[in-house]
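Colleague: mmCIF, C-alpha atoms, file protein.cif:
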data_entry
#
loop_
_atom_site.label_atom_id
_atom_site.label_comp_id
_atom_site.auth_asym_id
_atom_site.auth_seq_id
_atom_site.Cartn_x
_atom_site.Cartn_y
_atom_site.Cartn_z
CA MET A 1 -1.97 -18.24 -31.98
CA ASN A 2 -1.20 -18.36 -28.27
CA SER A 3 1.45 -15.96 -26.99
CA SER A 4 4.48 -17.49 -25.31
CA PHE A 5 5.03 -14.33 -23.26
CA GLN A 6 4.23 -14.43 -19.55
CA ALA A 7 4.56 -11.94 -16.72
CA PRO A 8 8.16 -12.04 -15.41
CA ILE A 9 8.94 -14.27 -12.44
CA GLY A 10 8.04 -12.51 -9.23
CA THR A 11 5.48 -10.19 -10.84
CA HIS A 12 1.76 -10.56 -11.37
CA ASP A 13 -1.12 -9.10 -13.34
CA VAL A 14 -4.10 -7.66 -11.47
CA LEU A 15 -7.34 -7.72 -13.45
CA ALA A 16 -11.01 -7.34 -12.59
CA PRO A 17 -12.64 -8.25 -10.28
CA GLN A 18 -9.51 -8.29 -8.05
CA SER A 19 -8.45 -4.86 -9.32
CA ALA A 20 -11.56 -3.37 -7.71
CA LEU A 21 -10.15 -4.42 -4.33
CA TRP A 22 -6.94 -2.55 -5.12
CA GLU A 23 -8.85 0.51 -6.27
CA GLY A 24 -10.88 0.58 -3.07
CA LEU A 25 -7.84 0.07 -0.87
CA VAL A 26 -5.92 2.94 -2.46
CA ALA A 27 -8.98 5.21 -2.44
CA THR A 28 -9.52 4.49 1.26
CA PHE A 29 -5.91 5.35 2.04
CA ALA A 30 -5.97 8.52 -0.09
CA GLN A 31 -9.03 9.83 1.73
CA LEU A 32 -7.62 9.04 5.16
CA ALA A 33 -4.26 10.62 4.31
CA PHE A 34 -6.08 13.77 3.18
CA GLN A 35 -7.95 13.90 6.50
CA TYR A 36 -4.58 13.77 8.28
CA GLY A 37 -3.18 16.62 6.16
CA PHE A 38 -0.96 14.60 3.80
CA THR A 39 -0.67 15.46 0.11
CA LEU A 40 0.25 13.15 -2.76
CA ALA A 41 3.91 12.96 -3.84
CA LEU A 42 4.92 11.35 -7.13
CA THR A 43 8.63 10.63 -7.57
CA PRO A 44 10.61 8.81 -10.30
CA MET A 45 10.59 5.03 -10.43
CA PHE A 46 14.40 5.08 -10.50
CA GLU A 47 17.00 7.26 -8.83
CA GLU A 48 20.75 7.65 -8.78
CA ILE A 49 21.96 4.63 -6.87
CA GLY A 50 23.42 6.81 -4.09
CA VAL A 51 19.94 7.94 -3.05
CA PHE A 52 19.20 4.42 -1.89
CA ASN A 53 22.69 3.32 -0.85
CA ARG A 54 23.17 6.25 1.50
CA GLY A 55 19.77 5.76 3.06
CA ILE A 56 19.25 2.04 3.44
CA GLY A 57 22.98 1.29 3.75
CA GLU A 58 25.45 0.02 1.16
CA ASN A 59 26.00 -3.17 3.18
CA SER A 60 22.33 -3.94 3.74
CA ASP A 61 20.79 -7.04 2.15
CA VAL A 62 18.54 -4.84 0.02
CA ALA A 63 21.51 -2.92 -1.44
CA THR A 64 23.83 -5.89 -1.93
CA LYS A 65 21.41 -8.66 -2.91
CA GLU A 66 17.99 -7.30 -3.89
CA MET A 67 18.24 -3.91 -5.61
CA TYR A 68 17.78 -3.71 -9.38
CA VAL A 69 20.77 -1.68 -10.63
CA PHE A 70 21.44 -0.60 -14.21
CA GLN A 71 23.46 1.84 -16.29
CA ASP A 72 21.69 4.10 -18.77
CA ARG A 73 23.00 5.12 -22.17
CA GLY A 74 24.93 7.95 -20.54
CA ASP A 75 26.80 5.50 -18.27
CA ARG A 76 24.95 6.81 -15.21
CA THR A 77 24.21 4.20 -12.55
CA TYR A 78 20.61 4.06 -11.43
CA ALA A 79 18.49 1.74 -9.29
CA LEU A 80 14.81 0.90 -9.40
CA ARG A 81 13.07 2.04 -6.25
CA PRO A 82 13.28 -0.68 -3.56
CA GLU A 83 11.27 1.35 -1.00
CA GLY A 84 9.38 4.63 -0.75
CA THR A 85 11.13 6.84 1.80
CA ALA A 86 14.45 7.79 0.23
CA SER A 87 12.88 9.22 -2.93
CA VAL A 88 10.46 11.41 -0.97
CA VAL A 89 13.30 12.73 1.20
CA ARG A 90 15.37 13.44 -1.93
CA ALA A 91 12.42 15.38 -3.38
CA PHE A 92 12.04 17.26 -0.08
CA ILE A 93 15.69 18.36 -0.23
CA GLN A 94 15.45 19.34 -3.88
CA HIS A 95 12.20 21.36 -3.71
CA GLN A 96 12.32 22.62 -0.10
CA PRO A 97 8.59 22.66 0.68
CA THR A 98 7.23 24.26 3.85
CA THR A 99 7.78 22.14 6.93
CA PRO A 100 6.49 19.98 8.33
CA TYR A 101 6.16 18.43 4.90
CA LYS A 102 3.54 15.68 4.97
CA ALA A 103 3.33 13.48 1.88
CA TRP A 104 1.64 10.23 0.95
CA TYR A 105 2.55 7.94 -1.93
CA VAL A 106 1.52 4.78 -3.74
CA THR A 107 4.11 3.11 -5.93
CA PRO A 108 5.56 -0.10 -7.29
CA ALA A 109 8.77 -1.18 -5.53
CA PHE A 110 11.37 -3.62 -6.81
CA ARG A 111 13.44 -6.20 -4.99
CA TYR A 112 15.13 -9.27 -6.40
CA GLU A 113 14.14 -11.87 -3.83
CA ARG A 114 12.53 -15.29 -3.73
CA PRO A 115 8.85 -14.86 -4.65
CA GLN A 116 6.37 -16.10 -2.06
CA ALA A 117 2.85 -15.35 -0.89
CA GLY A 118 2.43 -11.59 -0.71
CA ARG A 119 6.06 -10.92 -1.66
CA TYR A 120 6.90 -10.15 -5.26
CA ARG A 121 9.92 -8.80 -7.11
CA GLN A 122 7.64 -6.02 -8.19
CA HIS A 123 5.28 -5.32 -5.33
CA HIS A 124 3.24 -2.25 -4.50
CA GLN A 125 3.50 0.02 -1.49
CA LEU A 126 1.57 2.90 -0.06
CA GLY A 127 2.71 5.04 2.82
CA VAL A 128 3.34 8.46 4.28
CA GLU A 129 6.34 10.60 5.20
CA ALA A 130 6.37 13.56 7.62
CA ILE A 131 9.59 15.60 7.38
CA GLY A 132 10.84 18.62 9.30
CA THR A 133 9.78 18.06 12.90
CA ASP A 134 11.19 16.16 15.88
CA ASP A 135 7.97 16.37 17.89
CA PRO A 136 6.94 12.93 19.24
CA ALA A 137 3.35 13.96 18.50
CA ILE A 138 4.05 13.45 14.77
CA ASP A 139 5.22 9.91 15.55
CA VAL A 140 1.88 9.30 17.23
CA GLU A 141 -0.01 10.79 14.29
CA VAL A 142 1.78 8.66 11.69
CA ILE A 143 1.28 5.46 13.67
CA ALA A 144 -2.36 6.36 14.34
CA LEU A 145 -2.97 6.95 10.64
CA ALA A 146 -1.67 3.46 9.87
CA TRP A 147 -3.78 1.97 12.66
CA ARG A 148 -6.96 3.71 11.48
CA PHE A 149 -6.24 2.64 7.92
CA TYR A 150 -6.08 -1.02 8.90
CA GLN A 151 -9.32 -0.58 10.81
CA ALA A 152 -10.94 1.01 7.74
CA LEU A 153 -9.92 -2.06 5.73
CA GLY A 154 -11.88 -4.18 8.21
CA LEU A 155 -8.79 -5.75 9.81
CA ARG A 156 -9.26 -6.58 13.48
CA ARG A 157 -6.44 -9.02 14.27
CA VAL A 158 -3.55 -6.58 14.01
CA ARG A 159 -0.86 -5.97 16.65
CA LEU A 160 1.46 -2.99 16.90
CA LEU A 161 5.07 -3.75 17.88
CA ILE A 162 7.21 -0.77 18.83
CA ASN A 163 10.78 -0.01 19.87
CA SER A 164 13.29 2.84 19.96
CA MET A 165 16.68 2.62 18.27
CA GLY A 166 17.91 5.80 19.94
CA HIS A 167 20.30 8.13 18.15
CA ASP A 168 23.88 7.50 17.00
CA GLU A 169 25.47 7.93 20.42
CA CYS A 170 23.27 5.75 22.61
CA ARG A 171 22.76 3.19 19.85
CA GLY A 172 26.54 3.12 19.40
CA ARG A 173 27.02 2.17 23.04
CA TYR A 174 24.51 -0.62 22.64
CA VAL A 175 26.14 -1.94 19.47
CA ASN A 176 29.53 -2.20 21.22
CA VAL A 177 28.04 -4.28 24.01
CA LEU A 178 26.05 -6.36 21.51
CA LYS A 179 29.22 -7.11 19.54
CA GLY A 180 30.83 -8.55 22.64
CA HIS A 181 27.81 -10.73 23.31
CA LEU A 182 27.60 -11.97 19.72
CA GLU A 183 31.30 -12.73 19.60
CA GLU A 184 30.95 -14.86 22.74
CA TRP A 185 28.03 -16.79 21.28
CA ARG A 186 28.86 -16.58 17.56
CA GLU A 187 28.98 -20.36 17.15
CA GLN A 188 25.34 -20.54 18.20
CA LEU A 189 24.21 -18.11 15.48
CA CYS A 190 22.68 -19.26 12.20
CA ASP A 191 25.09 -20.07 9.38
CA GLU A 192 24.58 -16.72 7.68
CA HIS A 193 25.18 -14.56 10.75
CA GLN A 194 28.18 -16.58 11.92
CA LYS A 195 29.86 -15.01 8.88
CA THR A 196 28.25 -11.57 8.76
CA TRP A 197 27.46 -10.48 12.33
CA ILE A 198 30.61 -8.38 12.64
CA GLN A 199 29.66 -6.15 9.65
CA ASN A 200 26.26 -5.22 11.06
CA PRO A 201 25.39 -6.70 14.46
CA LEU A 202 21.90 -5.14 14.43
CA ARG A 203 20.88 -7.38 11.53
CA VAL A 204 21.13 -10.35 13.88
CA LEU A 205 18.28 -8.86 15.92
CA ASP A 206 16.12 -8.98 12.81
CA CYS A 207 16.88 -12.65 12.10
CA LYS A 208 13.86 -14.97 12.33
CA ARG A 209 15.87 -18.17 12.84
CA GLU A 210 15.48 -19.75 16.27
CA SER A 211 19.24 -20.02 16.89
CA CYS A 212 19.74 -16.26 16.48
CA ILE A 213 16.58 -15.45 18.44
CA ASN A 214 17.85 -17.47 21.41
CA VAL A 215 21.24 -15.71 21.37
CA VAL A 216 19.64 -12.26 21.13
CA ASN A 217 17.09 -12.95 23.87
CA ASP A 218 19.90 -13.80 26.28
CA GLY A 219 21.83 -10.65 25.41
CA PRO A 220 21.61 -6.89 26.01
CA LEU A 221 18.41 -5.02 25.11
CA LEU A 222 18.52 -1.79 23.13
CA PRO A 223 15.94 0.14 25.26
CA ASP A 224 18.23 -0.25 28.29
CA PHE A 225 20.89 1.86 26.56
CA LEU A 226 18.75 4.84 25.53
CA CYS A 227 19.92 8.26 26.66
CA SER A 228 17.46 10.33 28.70
CA GLU A 229 16.43 12.41 25.68
CA CYS A 230 15.65 9.37 23.52
CA ALA A 231 13.96 7.60 26.43
CA ASN A 232 11.71 10.61 27.06
CA HIS A 233 10.84 10.84 23.36
CA PHE A 234 9.90 7.16 23.30
CA ALA A 235 7.85 7.47 26.49
CA SER A 236 5.93 10.40 24.95
CA VAL A 237 5.14 8.35 21.85
CA ARG A 238 3.81 5.40 23.83
CA LYS A 239 1.80 7.70 26.08
CA GLY A 240 0.27 9.44 23.06
CA LEU A 241 -0.74 6.11 21.53
CA ALA A 242 -2.28 5.01 24.83
CA VAL A 243 -4.32 8.23 25.02
CA LEU A 244 -5.77 7.35 21.59
CA GLY A 245 -6.58 3.83 22.74
CA ILE A 246 -3.95 2.25 20.47
CA GLU A 247 -2.27 -0.63 22.27
CA SER A 248 1.43 -1.17 21.55
CA THR A 249 3.77 -4.00 22.54
CA LEU A 250 7.43 -3.27 23.26
CA ASP A 251 9.67 -5.44 21.10
CA PRO A 252 13.36 -4.82 22.01
CA ARG A 253 14.46 -6.88 18.96
CA LEU A 254 12.62 -4.66 16.48
CA VAL A 255 15.23 -2.74 14.46
CA ARG A 256 13.72 -2.81 10.95
CA GLY A 257 15.94 -3.44 7.95
CA PHE A 258 17.40 -0.09 6.91
CA ASP A 259 20.32 1.89 8.30
CA TYR A 260 18.47 5.22 8.29
CA TYR A 261 16.18 4.40 11.22
CA THR A 262 16.57 6.31 14.51
CA ARG A 263 14.47 6.46 17.65
CA THR A 264 10.88 5.27 17.09
CA THR A 265 10.54 2.09 15.04
CA PHE A 266 7.33 0.13 14.67
CA GLU A 267 5.76 -2.75 12.82
CA PHE A 268 2.20 -4.00 12.35
CA VAL A 269 1.63 -7.76 12.23
CA ALA A 270 -1.52 -9.54 11.09
CA GLU A 271 -2.16 -12.48 13.37
CA ALA A 272 -4.55 -14.02 10.84
CA LEU A 273 -1.62 -14.71 8.51
CA GLY A 274 -0.13 -16.91 11.20
CA ASN A 275 3.46 -17.26 9.98
CA ALA A 276 6.83 -15.56 10.09
CA GLN A 277 5.87 -13.39 7.09
CA ASN A 278 2.96 -11.70 8.85
CA ALA A 279 4.15 -8.08 8.78
CA ILE A 280 1.71 -5.88 6.86
CA GLY A 281 3.43 -2.53 7.42
CA GLY A 282 5.94 -0.63 9.44
CA GLY A 283 8.29 2.28 9.62
CA GLY A 284 10.01 4.66 11.96
CA ARG A 285 12.06 7.80 12.39
CA TYR A 286 14.97 8.68 10.11
CA ASP A 287 16.31 11.88 11.65
CA GLY A 288 19.66 11.77 9.83
CA LEU A 289 18.51 10.81 6.36
CA SER A 290 18.18 14.33 5.00
CA GLU A 291 21.81 15.07 5.89
CA GLN A 292 22.95 11.73 4.44
CA LEU A 293 21.38 12.75 1.12
CA GLY A 294 23.07 16.15 1.17
CA GLY A 295 20.31 18.24 2.74
CA LYS A 296 19.99 20.26 5.91
CA PRO A 297 19.06 18.51 9.19
CA ALA A 298 15.38 17.60 9.13
CA GLY A 299 13.83 14.98 11.37
CA GLY A 300 11.37 12.67 9.70
CA ILE A 301 9.12 9.68 10.21
CA GLY A 302 7.02 7.51 7.95
CA PHE A 303 5.55 4.11 7.32
CA GLY A 304 4.83 1.87 4.37
CA SER A 305 2.47 -1.03 3.72
CA GLY A 306 2.48 -3.60 0.94
CA ILE A 307 -0.82 -3.72 -0.91
CA GLU A 308 -0.48 -7.42 -1.75
CA ARG A 309 0.14 -8.30 1.90
CA LEU A 310 -2.81 -6.18 3.07
CA LEU A 311 -5.16 -7.99 0.70
CA LEU A 312 -3.86 -11.34 1.96
CA ALA A 313 -4.58 -10.22 5.53
CA ARG A 314 -8.13 -9.21 4.58
CA GLU A 315 -8.64 -12.58 2.92
CA ALA A 316 -7.24 -14.41 5.97
CA GLU A 317 -9.78 -12.62 8.17
CA GLY A 318 -12.59 -13.57 5.78
CA ILE A 319 -13.22 -9.98 4.65
CA THR A 320 -14.75 -10.02 1.16
CA GLN A 321 -16.63 -6.75 0.71
CA ASN A 322 -15.32 -4.09 -1.64
CA LEU A 323 -14.26 -0.76 -0.17
CA ILE A 324 -15.89 1.28 -2.93
CA ASN A 325 -19.07 0.84 -4.95
CA ARG A 326 -18.33 -0.42 -8.43
CA THR A 327 -21.83 -1.45 -9.54
CA ILE A 328 -22.94 -0.96 -13.12
CA ASP A 329 -26.25 0.92 -13.24
CA LEU A 330 -27.40 0.35 -16.81
CA PHE A 331 -26.73 -1.86 -19.82
CA VAL A 332 -27.86 -0.49 -23.17
CA VAL A 333 -29.04 -3.16 -25.61
CA ASP A 334 -29.12 -1.86 -29.18
CA THR A 335 -30.54 -3.70 -32.19
CA SER A 336 -31.49 -0.61 -34.18
CA GLY A 337 -28.28 -0.35 -36.14
CA LEU A 338 -28.39 3.44 -35.70
CA ASP A 339 -26.43 5.94 -33.58
CA VAL A 340 -29.22 6.30 -31.02
CA ALA A 341 -27.49 4.09 -28.46
CA THR A 342 -24.24 6.08 -28.76
CA VAL A 343 -26.08 9.30 -27.92
CA VAL A 344 -28.12 7.74 -25.10
CA VAL A 345 -25.06 6.16 -23.45
CA ASP A 346 -23.21 9.48 -23.55
CA GLU A 347 -26.17 11.37 -22.05
CA LEU A 348 -26.53 8.83 -19.24
CA ARG A 349 -22.84 8.93 -18.36
CA ASN A 350 -22.97 12.72 -18.25
CA GLN A 351 -25.76 12.35 -15.68
CA GLY A 352 -23.49 10.25 -13.47
CA TYR A 353 -24.68 6.75 -14.35
CA ALA A 354 -22.29 3.84 -14.88
CA VAL A 355 -23.30 2.52 -18.29
CA VAL A 356 -22.00 -0.23 -20.56
CA ARG A 357 -23.21 -1.47 -23.92
CA SER A 358 -22.59 -4.16 -26.47
CA PHE A 359 -20.76 -3.81 -29.77
CA ASP A 360 -20.38 -5.72 -33.05
CA ALA A 361 -24.14 -5.85 -33.81
CA ARG A 362 -24.79 -8.86 -31.59
CA SER A 363 -28.20 -10.47 -31.43
CA MET A 364 -30.76 -9.46 -28.81
CA LYS A 365 -30.29 -12.79 -27.03
CA SER A 366 -26.51 -12.39 -26.90
CA GLN A 367 -26.75 -8.81 -25.64
CA MET A 368 -29.22 -9.76 -22.92
CA LYS A 369 -26.81 -12.42 -21.67
CA LEU A 370 -24.08 -9.80 -21.48
CA ALA A 371 -26.45 -7.42 -19.71
CA ASP A 372 -27.24 -10.01 -17.05
CA ARG A 373 -23.56 -10.83 -16.50
CA SER A 374 -22.67 -7.14 -16.17
CA GLY A 375 -24.48 -6.89 -12.84
CA ALA A 376 -26.49 -3.90 -14.06
CA ALA A 377 -29.83 -3.25 -12.39
CA LEU A 378 -31.63 -2.26 -15.57
CA ALA A 379 -31.30 -2.85 -19.29
CA LEU A 380 -32.33 -0.16 -21.78
CA LEU A 381 -33.60 -1.68 -25.01
CA ILE A 382 -33.32 0.27 -28.26
CA GLY A 383 -34.73 -1.61 -31.24
CA PRO A 384 -36.00 -0.36 -34.58
CA GLN A 385 -39.44 0.43 -33.12
CA GLU A 386 -38.02 2.36 -30.15
CA ALA A 387 -35.70 4.31 -32.45
CA GLU A 388 -38.52 5.25 -34.79
CA SER A 389 -40.88 6.34 -31.98
CA ASP A 390 -38.15 8.04 -29.92
CA GLN A 391 -38.82 5.75 -26.98
CA ILE A 392 -36.78 3.33 -24.85
CA THR A 393 -37.80 0.12 -23.12
CA ILE A 394 -36.55 -0.24 -19.54
CA ARG A 395 -36.23 -3.85 -18.41
CA ASP A 396 -35.56 -4.91 -14.82
CA LEU A 397 -32.67 -7.39 -14.91
CA ARG A 398 -33.10 -8.42 -11.30
CA GLY A 399 -36.83 -9.11 -11.37
CA GLU A 400 -38.36 -12.56 -11.59
CA ASP A 401 -40.22 -11.94 -14.85
CA PHE A 402 -38.34 -10.04 -17.56
CA GLU A 403 -41.41 -9.55 -19.74
CA ARG A 404 -43.56 -8.19 -16.92
CA ASP A 405 -40.88 -6.02 -15.29
CA GLN A 406 -40.40 -3.66 -18.19
CA GLN A 407 -41.58 -0.18 -19.06
CA LEU A 408 -41.72 1.84 -22.27
CA VAL A 409 -40.84 5.52 -21.80
CA ALA A 410 -40.29 8.51 -24.05
CA ARG A 411 -36.67 9.55 -24.56
CA GLU A 412 -37.37 12.92 -22.96
CA ASP A 413 -38.66 11.20 -19.79
CA LEU A 414 -35.81 8.68 -19.50
CA ILE A 415 -33.62 10.51 -16.94
CA PHE A 416 -36.59 11.34 -14.69
CA THR A 417 -37.80 7.73 -14.78
CA LEU A 418 -34.34 6.31 -14.04
CA ARG A 419 -33.96 8.64 -11.06
CA GLN A 420 -37.20 7.31 -9.65
CA ARG A 421 -36.32 3.68 -10.23
CA LEU A 422 -32.64 3.77 -9.21
CA LYS A 423 -33.00 6.46 -6.52
CA LYS A 424 -29.89 8.15 -7.93
#
Output the file's structure in the form of structure tokens.

Modeller:
Amino acid sequence: MNSSFQAPIGTHDVLAPQSALWEGLVATFAQLAFQYGFTLALTPMFEEIGVFNRGIGENSDVATKEMYVFQDRGDRTYALRPEGTASVVRAFIQHQPTTPYKAWYVTPAFRYERPQAGRYRQHHQLGVEAIGTDDPAIDVEVIALAWRFYQALGLRRVRLLINSMGHDECRGRYVNVLKGHLEEWREQLCDEHQKTWIQNPLRVLDCKRESCINVVNDGPLLPDFLCSECANHFASVRKGLAVLGIESTLDPRLVRGFDYYTRTTFEFVAEALGNAQNAIGGGGRYDGLSEQLGGKPAGGIGFGSGIERLLLAREAEGITQNLINRTIDLFVVDTSGLDVATVVVDELRNQGYAVVRSFDARSMKSQMKLADRSGAALALLIGPQEAESDQITIRDLRGEDFERDQQLVAREDLIFTLRQRLKK
């Protein structure tokens, strides 16, 4: 009977062999994050709704249109995590680790939006957060980590866009001037922003519609309104990136989508994707977020990348190789009907070999087909004769002649022989 249940709209199952790509991507990021001094942080999948509303903004599109909100049996209002930063900052405030606190994470994130290529209602993010320092050198380090990660994935057609949003005072001056400009040209804005620009003028800068882009391009630019302190911070960041050989492009329209951003903001775009949805990661500073969540002042910066979008970018660049080795070494074929295979498989795995076997007393022919499909280099044959004589037949699955490329060895010599043949 076929099940009528399917994965919910906007979600997807990831099975082998695609799951090996995910495993390699996460493992690559975990190792790189460790080299940069970041430790893993695991936070709840849901939080009190205020954790997200205070950070990303109650009037943001994510909070008003996309966040999954629910009440539990105790009438408490919670939200599924729409992004990674706010939860890590909440955990920082609660547990007060030594600063600078440098954490990395990998997590599902949830947003109710129209599903499209690389964008799901449940998608998966990985990223880092560095909390407790205002030094522009940490901005450089976080951006460099992201850049090196994309390089490690094999991506070569990636551009870094960067901007500074300043702090409340200098950004406030800019917003006042921007409001005047938008009011003058409001009839030229897209239909959505003709109605909403007054609530949050900065969102217009993030609009991808040509009408809004034209209005913004003819208006004031945020970098021109930075105070000297913010301008110097931004100059130090760009200089640090240049010293590392990381090229960045100033994008005065780049404001990101959340209210918590201050000063440095950045985004990585994959040119191979070739459309408006080509961002594969981004982030920025959030120097006031700790206070907004009830903590002490603590500057912070981080970035996040969507795993689905990264894999699309690799595919668009024609990158097919796995990032980790997931090759089966041995396939044990058992027709003895005894427990010999169970013991042999366990011994081999304890020696570090990747070993699979057949079950359900299949025929030799059926098991050999499975062995060939497994990708294993060698098959170990255990029939009644081998079991009785305490021997095992080693058959080369990748040779041209199965019958010729096989060897009968004593059980006690099996590990030594495999080490010679597999060089492992």

Colleague: Just checking: using all atoms listed in the file, which residue out of A:Phe29, A:Tyr105, A:Tyr174, A:Trp197 ends up closest to Gln151 in chain A?

Modeller: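 Among A:Phe29, A:Tyr105, A:Tyr174, A:Trp197, it is A:Phe29 that comes nearest to Gln151 in chain A.
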
Colleague: Could you check how far CA of Gly337 in chain A sits from CA of Leu408 in chain A, in Å to one decimal?

Modeller: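 Computed distance, CA of Gly337 in chain A to CA of Leu408 in chain A, equals 19.4 Å.
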
Colleague: Pull out every residue that the PyMOL selection byres ((chain A and resi 37) around 12) matches in the shown coordinates and put them as a ChimeraX atom specification.

Modeller: /A:30-36,38-40,100-104,128-130,138,141-142,145

Colleague: Take the residues from that selection and put them in a file with C-alpha atoms, as a PDB file, in the coordinates of the input.

Modeller:
ATOM      1  CA  ALA A  30      -5.970   8.520  -0.090  1.00  0.00           C
ATOM      2  CA  GLN A  31      -9.030   9.830   1.730  1.00  0.00           C
ATOM      3  CA  LEU A  32      -7.620   9.040   5.160  1.00  0.00           C
ATOM      4  CA  ALA A  33      -4.260  10.620   4.310  1.00  0.00           C
ATOM      5  CA  PHE A  34      -6.080  13.770   3.180  1.00  0.00           C
ATOM      6  CA  GLN A  35      -7.950  13.900   6.500  1.00  0.00           C
ATOM      7  CA  TYR A  36      -4.580  13.770   8.280  1.00  0.00           C
ATOM      8  CA  PHE A  38      -0.960  14.600   3.800  1.00  0.00           C
ATOM      9  CA  THR A  39      -0.670  15.460   0.110  1.00  0.00           C
ATOM     10  CA  LEU A  40       0.250  13.150  -2.760  1.00  0.00           C
ATOM     11  CA  PRO A 100       6.490  19.980   8.330  1.00  0.00           C
ATOM     12  CA  TYR A 101       6.160  18.430   4.900  1.00  0.00           C
ATOM     13  CA  LYS A 102       3.540  15.680   4.970  1.00  0.00           C
ATOM     14  CA  ALA A 103       3.330  13.480   1.880  1.00  0.00           C
ATOM     15  CA  TRP A 104       1.640  10.230   0.950  1.00  0.00           C
ATOM     16  CA  VAL A 128       3.340   8.460   4.280  1.00  0.00           C
ATOM     17  CA  GLU A 129       6.340  10.600   5.200  1.00  0.00           C
ATOM     18  CA  ALA A 130       6.370  13.560   7.620  1.00  0.00           C
ATOM     19  CA  ILE A 138       4.050  13.450  14.770  1.00  0.00           C
ATOM     20  CA  GLU A 141      -0.010  10.790  14.290  1.00  0.00           C
ATOM     21  CA  VAL A 142       1.780   8.660  11.690  1.00  0.00           C
ATOM     22  CA  LEU A 145      -2.970   6.950  10.640  1.00  0.00           C
TER      23      LEU A 145
END

Colleague: Would you mind listing what lies within 9 Å of Ala79 in chain A as a list in words, with all atoms listed in the file counted and same-chain residues fewer than 4 positions away left out?

Modeller: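 The contact residues come out as Met45, Phe46, Glu47, Glu48, Ile49, Gly50, Val51, Phe52, Met67, Tyr68, Val69, Phe70 and Gln71 of chain A.
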
Colleague: Could you write out as lines of an AutoDock Vina configuration file the box around range 47-59 of chain A (axis-aligned, all atoms listed in the file, 4 Å on each side), with centre and edge lengths in Å to one decimal?

Modeller:
center_x = 21.5
center_y = 2.4
center_z = -2.5
size_x = 17.0
size_y = 19.1
size_z = 20.6

Colleague: Quick one: which residues end up in the PyMOL selection byres ((chain A and resi 216-232) around 8) for this structure, as a PyMOL selection string?

Modeller: chain A and resi 163-167+170-171+173-174+177-178+181+204-205+212-215+233-236+252-253+263

Colleague: Out of A:Gly295, A:Pro82, A:Gly74, A:Gly375, which residue has the shortest atom-to-atom distance to Asn53 in chain A when counting all atoms listed in the file?

Modeller: A:Pro82

Colleague: Calculated over only C-alpha atoms, which of the candidates A:Thr262, A:Leu323, A:Leu422, A:Leu378 has the smallest distance to Gln407 in chain A?

Modeller: A:Leu378

Colleague: For range 243-262 of chain A in the structure I just supplied, write out C-alpha atoms - as a PDB file, in the first residue's frame.

Modeller:
ATOM      1  CA  VAL A 243      45.839  42.946   2.864  1.00  0.00           C
ATOM      2  CA  LEU A 244      44.505  39.368   2.733  1.00  0.00           C
ATOM      3  CA  GLY A 245      43.942  39.628  -1.008  1.00  0.00           C
ATOM      4  CA  ILE A 246      40.145  39.529  -0.652  1.00  0.00           C
ATOM      5  CA  GLU A 247      38.566  41.902  -3.149  1.00  0.00           C
ATOM      6  CA  SER A 248      35.408  43.702  -2.033  1.00  0.00           C
ATOM      7  CA  THR A 249      32.963  45.880  -3.972  1.00  0.00           C
ATOM      8  CA  LEU A 250      31.249  48.806  -2.253  1.00  0.00           C
ATOM      9  CA  ASP A 251      27.476  48.525  -2.589  1.00  0.00           C
ATOM     10  CA  PRO A 252      25.791  51.605  -1.012  1.00  0.00           C
ATOM     11  CA  ARG A 253      22.362  49.915  -1.375  1.00  0.00           C
ATOM     12  CA  LEU A 254      23.344  46.895   0.722  1.00  0.00           C
ATOM     13  CA  VAL A 255      21.435  47.082   4.022  1.00  0.00           C
ATOM     14  CA  ARG A 256      20.503  43.417   4.593  1.00  0.00           C
ATOM     15  CA  GLY A 257      17.048  42.523   5.874  1.00  0.00           C
ATOM     16  CA  PHE A 258      17.158  42.762   9.661  1.00  0.00           C
ATOM     17  CA  ASP A 259      16.927  45.758  11.974  1.00  0.00           C
ATOM     18  CA  TYR A 260      19.819  44.669  14.192  1.00  0.00           C
ATOM     19  CA  TYR A 261      22.562  45.410  11.658  1.00  0.00           C
ATOM     20  CA  THR A 262      25.039  48.241  12.344  1.00  0.00           C
TER      21      THR A 262
END
